[in-house]
$ cat run.txt   # compact mmCIF, C-alpha atoms
# COMPACT_ATOMS: atom_id res chain seq x y z
CA MET X 1 -24.14 13.05 -28.20
CA ARG X 2 -20.97 11.15 -29.17
CA LEU X 3 -18.92 13.36 -26.93
CA LEU X 4 -21.22 12.60 -24.02
CA ILE X 5 -20.90 8.85 -24.60
CA LEU X 6 -17.11 9.05 -24.85
CA ALA X 7 -16.92 11.14 -21.70
CA SER X 8 -19.08 8.67 -19.78
CA LEU X 9 -16.97 5.72 -20.98
CA PHE X 10 -13.77 7.49 -20.01
CA THR X 11 -15.04 8.28 -16.52
CA ALA X 12 -16.25 4.70 -16.16
CA LEU X 13 -12.74 3.45 -16.93
CA VAL X 14 -11.16 5.86 -14.49
CA VAL X 15 -13.65 4.97 -11.78
CA HIS X 16 -13.14 1.26 -12.47
CA ALA X 17 -9.38 1.61 -12.00
CA GLU X 18 -9.88 3.46 -8.73
CA ASP X 19 -12.39 0.80 -7.64
CA LEU X 20 -9.55 -1.54 -6.74
CA THR X 21 -9.55 -2.01 -3.01
CA PRO X 22 -6.35 -3.07 -1.24
CA GLU X 23 -7.84 -6.56 -0.83
CA LYS X 24 -8.60 -6.86 -4.54
CA ARG X 25 -5.14 -5.53 -5.45
CA ALA X 26 -3.53 -8.04 -3.10
CA LYS X 27 -5.56 -10.89 -4.60
CA LEU X 28 -4.61 -9.83 -8.12
CA GLN X 29 -0.95 -9.61 -7.17
CA ARG X 30 -1.10 -13.02 -5.50
CA ASP X 31 -2.81 -14.58 -8.53
CA GLN X 32 -0.25 -13.01 -10.85
CA GLN X 33 2.55 -14.33 -8.68
CA LYS X 34 1.07 -17.86 -8.78
CA ALA X 35 0.70 -17.67 -12.57
CA ALA X 36 4.31 -16.54 -12.94
CA GLU X 37 5.51 -19.33 -10.67
CA ALA X 38 3.60 -21.89 -12.74
CA VAL X 39 5.30 -20.66 -15.90
CA GLU X 40 8.72 -20.69 -14.22
CA LYS X 41 8.05 -24.23 -12.99
CA LYS X 42 7.37 -25.23 -16.59
CA TYR X 43 10.92 -24.11 -17.40
CA GLY X 44 12.41 -26.01 -14.47
CA ASN X 45 12.75 -23.01 -12.12
CA LYS X 46 16.08 -22.19 -13.76
CA LYS X 47 17.81 -18.85 -13.47
CA ALA X 48 17.63 -16.60 -16.51
CA SER X 49 21.37 -17.08 -17.05
CA GLU X 50 20.85 -20.84 -17.34
CA LEU X 51 18.33 -20.48 -20.17
CA SER X 52 19.06 -19.92 -23.81
CA SER X 53 17.99 -16.63 -25.36
CA GLU X 54 15.01 -18.27 -27.08
CA GLU X 55 13.89 -19.89 -23.82
CA ARG X 56 14.22 -16.55 -21.99
CA LYS X 57 12.10 -14.81 -24.62
CA SER X 58 9.39 -17.44 -24.51
CA LEU X 59 9.49 -17.47 -20.69
CA MET X 60 8.96 -13.72 -20.54
CA LYS X 61 6.17 -13.84 -23.12
CA GLU X 62 4.38 -16.64 -21.29
CA LYS X 63 4.72 -14.88 -17.92
CA ALA X 64 3.31 -11.66 -19.36
CA ALA X 65 0.44 -13.54 -21.00
CA ALA X 66 -0.35 -15.37 -17.75
CA GLU X 67 -0.36 -12.13 -15.75
CA ARG X 68 -2.53 -10.43 -18.35
CA GLU X 69 -4.95 -13.36 -18.27
CA VAL X 70 -5.30 -13.01 -14.49
CA LEU X 71 -6.26 -9.36 -14.91
CA GLU X 72 -8.72 -10.12 -17.71
CA LYS X 73 -10.41 -12.85 -15.63
CA ALA X 74 -10.87 -10.30 -12.85
CA GLY X 75 -12.32 -7.80 -15.32
CA VAL X 76 -9.51 -5.29 -14.91
CA ASP X 77 -7.91 -3.50 -17.85
CA PRO X 78 -4.13 -4.17 -17.73
CA LYS X 79 -3.28 -0.58 -18.69
CA GLU X 80 -5.55 0.88 -16.05
CA TYR X 81 -4.16 -1.54 -13.48
CA ALA X 82 -0.60 -0.47 -14.28
CA ARG X 83 -1.57 3.19 -14.06
CA SER X 84 -3.32 2.73 -10.75
CA GLN X 85 -0.33 0.77 -9.40
CA SER X 86 2.03 3.60 -10.33
CA LYS X 87 -0.22 6.24 -8.72
CA MET X 88 -0.57 4.42 -5.39
CA SER X 89 0.38 6.37 -2.28
CA ARG X 90 2.51 4.95 0.53
CA GLU X 91 -0.62 4.39 2.56
CA ASP X 92 -2.24 2.47 -0.32
CA ARG X 93 0.87 0.33 -0.71
CA ALA X 94 0.96 -0.40 3.01
CA ASN X 95 -2.72 -1.36 2.98
CA THR X 96 -2.18 -3.60 -0.04
CA ASP X 97 0.82 -5.28 1.60
CA ALA X 98 -1.17 -5.86 4.79
CA ALA X 99 -4.05 -7.32 2.79
CA GLY X 100 -1.57 -9.55 0.95
CA LYS X 101 -0.16 -10.90 4.20
CA GLU X 102 -3.67 -11.52 5.47
CA LEU X 103 -4.53 -13.36 2.26
CA GLU X 104 -1.43 -15.55 2.58
CA ALA X 105 -2.37 -16.35 6.17
CA LYS X 106 -5.88 -17.34 5.07
CA GLU X 107 -4.47 -19.55 2.29
CA ALA X 108 -2.07 -21.21 4.71
CA ALA X 109 -4.89 -21.86 7.17
CA ALA X 110 -7.10 -23.22 4.38
CA ALA X 111 -4.31 -25.50 3.19
CA LYS X 112 -3.76 -26.73 6.73
CA ASP X 113 -7.48 -27.37 7.19
CA GLY X 114 -7.69 -28.97 3.75
CA ALA X 115 -4.87 -31.37 4.59
CA GLY X 116 -6.66 -32.38 7.78
CA LYS X 117 -9.94 -32.89 5.96
CA LYS X 118 -8.34 -35.01 3.25
CA THR X 119 -7.14 -37.54 5.78
CA ALA X 120 -10.45 -37.45 7.63
CA LYS X 121 -12.49 -38.20 4.50
CA LYS X 122 -10.39 -41.18 3.49
CA GLU X 123 -12.62 -43.97 2.24
CA ILE X 124 -12.32 -47.26 4.02
CA VAL X 125 -12.71 -50.39 1.91
CA ILE X 126 -13.62 -53.61 3.70
CA GLU X 127 -12.44 -56.77 1.97
CA LYS X 128 -13.56 -60.29 2.73
CA ASN X 129 -10.72 -62.80 3.09
CA GLY X 130 -8.24 -60.16 1.94
CA LYS X 131 -9.86 -59.96 -1.49
CA SER X 132 -12.20 -57.45 -2.98
CA ALA X 133 -15.50 -58.96 -4.10
CA GLY X 134 -15.79 -56.72 -7.12
CA ASP X 135 -12.24 -57.26 -8.35
CA PRO X 136 -12.35 -59.00 -11.76
CA GLU X 137 -8.88 -60.52 -11.30
CA VAL X 138 -9.93 -62.30 -8.13
CA ASN X 139 -13.06 -63.69 -9.79
CA GLU X 140 -11.08 -64.74 -12.85
CA ALA X 141 -8.52 -66.55 -10.69
CA ALA X 142 -11.29 -68.37 -8.81
CA GLU X 143 -12.85 -69.51 -12.08
CA MET X 144 -9.50 -70.84 -13.31
CA ASP X 145 -9.00 -72.74 -10.06
CA LYS X 146 -12.43 -74.36 -10.46
CA GLN X 147 -11.62 -75.39 -14.04
CA MET X 148 -8.35 -76.98 -12.92
CA GLY X 149 -10.15 -78.93 -10.24
CA LEU X 150 -8.62 -77.11 -7.33
CA LYS X 151 -10.87 -76.73 -4.37
CA ARG X 152 -10.94 -74.15 -1.74
CA GLY X 153 -9.47 -76.06 1.11
CA LYS X 154 -8.99 -75.83 4.79
$ encode --input "run.txt" --output "structure tokens"
Amino acid sequence: MRLLILASLFTALVVHAEDLTPEKRAKLQRDQQKAAEAVEKKYGNKKASELSSEERKSLMKEKAAAEREVLEKAGVDPKEYARSQSKMSREDRANTDAAGKELEAKEAAAAKDGAGKKTAKKEIVIEKNGKSAGDPEVNEAAEMDKQMGLKRGK
């Protein structure tokens, strides 16, 4: 019975690793790349030679942790992912690269559309006499003017 359970778990892991489509692989690679870039940005995008040995160690550890976190969020075992990456054929690599380029094109188009939508959804505030009615500073200044005897003149 135990042997049957272990065998089914093992085959489930193997099937799960082979479940990665070129699109999913490309998305994982892209997410890992973004995570690594975020960590490098934290260190000022410096070359490894410009960092001290302690900074290099912590940079590498943080990059590895960020990449591992991306895989865990996607529900992919890091060891199985590495194994499946090493066993990819040329055709699989080409398909993954093509899916990656397609994903980048989609992101670029989404960013372009998002930039257009941000300017289109800009809120317009209408002020009366150049002052906002709800602004507490304006109301406070008006009250002080009244106390000093200043009138609103023409």
$ atom_distance --input "run.txt" --atom1 "atom CA of X:Arg30" --atom2 "atom CA of X:Val76"
14.8 Å
$ closest_residue --input "run.txt" --among "X:Ala142, X:Ala111, X:Leu150, X:Leu28" --to "X:Ala82" --atoms "all atoms listed in the file"
X:Leu28
$ residues_around --input "run.txt" --residues "stretch 45-48 of chain X" --least-positions-apart "4" --cutoff "12 Å" --atoms "all atoms listed in the file" --output "PyMOL selection string"
chain X and resi 36-41+52-60
$ closest_atom_pairs --input "run.txt" --of "stretch 14-65 of chain X" --to "stretch 83-102 of chain X" --cutoff "10 Å" --atoms "all atoms listed in the file" --output "tab-separated table"
residue	atom	partner	partner_atom	distance
X:Val14	CA	X:Ser84	CA	9.2
X:Ala17	CA	X:Ser84	CA	6.3
X:Glu18	CA	X:Ser84	CA	6.9
X:Asp19	CA	X:Ser84	CA	9.8
X:Leu20	CA	X:Ser84	CA	8.6
X:Thr21	CA	X:Thr96	CA	8.1
X:Pro22	CA	X:Thr96	CA	4.4
X:Glu23	CA	X:Ala99	CA	5.3
X:Lys24	CA	X:Thr96	CA	8.5
X:Arg25	CA	X:Thr96	CA	6.5
X:Ala26	CA	X:Gly100	CA	4.7
X:Lys27	CA	X:Gly100	CA	7.0
X:Leu28	CA	X:Gly100	CA	9.6
X:Gln29	CA	X:Gly100	CA	8.1
X:Arg30	CA	X:Gly100	CA	7.3
$ atom_distance --input "run.txt" --atom1 "atom CA of X:Ala66" --atom2 "atom CA of X:Gln32"
7.3 Å
$ atom_distance --input "run.txt" --atom1 "atom CA of X:Glu72" --atom2 "atom CA of X:Asp31"
11.8 Å
$ closest_residue --input "run.txt" --among "X:Asp113, X:Ala35, X:Leu103, X:Glu123" --to "X:Glu69" --atoms "only C-alpha atoms"
X:Ala35
$ closest_residue --input "run.txt" --among "X:Glu143, X:Gly114, X:Leu51, X:Glu80" --to "X:Arg68" --atoms "only C-alpha atoms"
X:Glu80
$ axis_aligned_box --input "run.txt" --around "stretch 44-55 of chain X" --padding-each-side "6 Å" --output "AutoDock Vina command-line options"
--center_x 16.9 --center_y -21.3 --center_z -19.6 --size_x 21.0 --size_y 21.4 --size_z 27.0
$ decode --input "run.txt" --residues "stretch 44-75 of chain X" --atoms "C-alpha atoms" --output "short mmCIF file (atom, residue, chain, number, x, y, z; two decimals), in the first residue's frame"
data_model
loop_
_atom_site.label_atom_id
_atom_site.label_comp_id
_atom_site.auth_asym_id
_atom_site.auth_seq_id
_atom_site.Cartn_x
_atom_site.Cartn_y
_atom_site.Cartn_z
CA GLY X 44 22.07 50.08 -7.34
CA ASN X 45 22.46 48.00 -10.52
CA LYS X 46 26.19 47.80 -9.85
CA LYS X 47 28.50 45.28 -11.47
CA ALA X 48 29.62 42.39 -9.30
CA SER X 49 33.16 43.77 -9.32
CA GLU X 50 31.90 47.02 -7.79
CA LEU X 51 30.34 45.26 -4.80
CA SER X 52 32.10 44.04 -1.71
CA SER X 53 32.22 40.30 -1.09
CA GLU X 54 29.49 40.52 1.57
CA GLU X 55 27.24 42.51 -0.77
CA ARG X 56 27.83 39.98 -3.58
CA LYS X 57 26.90 37.10 -1.28
CA SER X 58 23.74 38.78 -0.07
CA LEU X 59 22.84 39.79 -3.65
CA MET X 60 23.15 36.21 -4.85
CA LYS X 61 21.16 34.87 -1.91
CA GLU X 62 18.37 37.40 -2.42
CA LYS X 63 18.23 36.71 -6.17
CA ALA X 64 17.99 32.97 -5.57
CA ALA X 65 15.29 33.47 -2.94
CA ALA X 66 13.31 35.75 -5.26
CA GLU X 67 13.51 33.26 -8.13
CA ARG X 68 12.52 30.40 -5.83
CA GLU X 69 9.57 32.43 -4.56
CA VAL X 70 8.34 32.95 -8.13
CA LEU X 71 8.36 29.20 -8.70
CA GLU X 72 6.60 28.49 -5.41
CA LYS X 73 3.87 31.04 -6.20
CA ALA X 74 3.29 29.25 -9.50
CA GLY X 75 3.13 25.91 -7.70
#
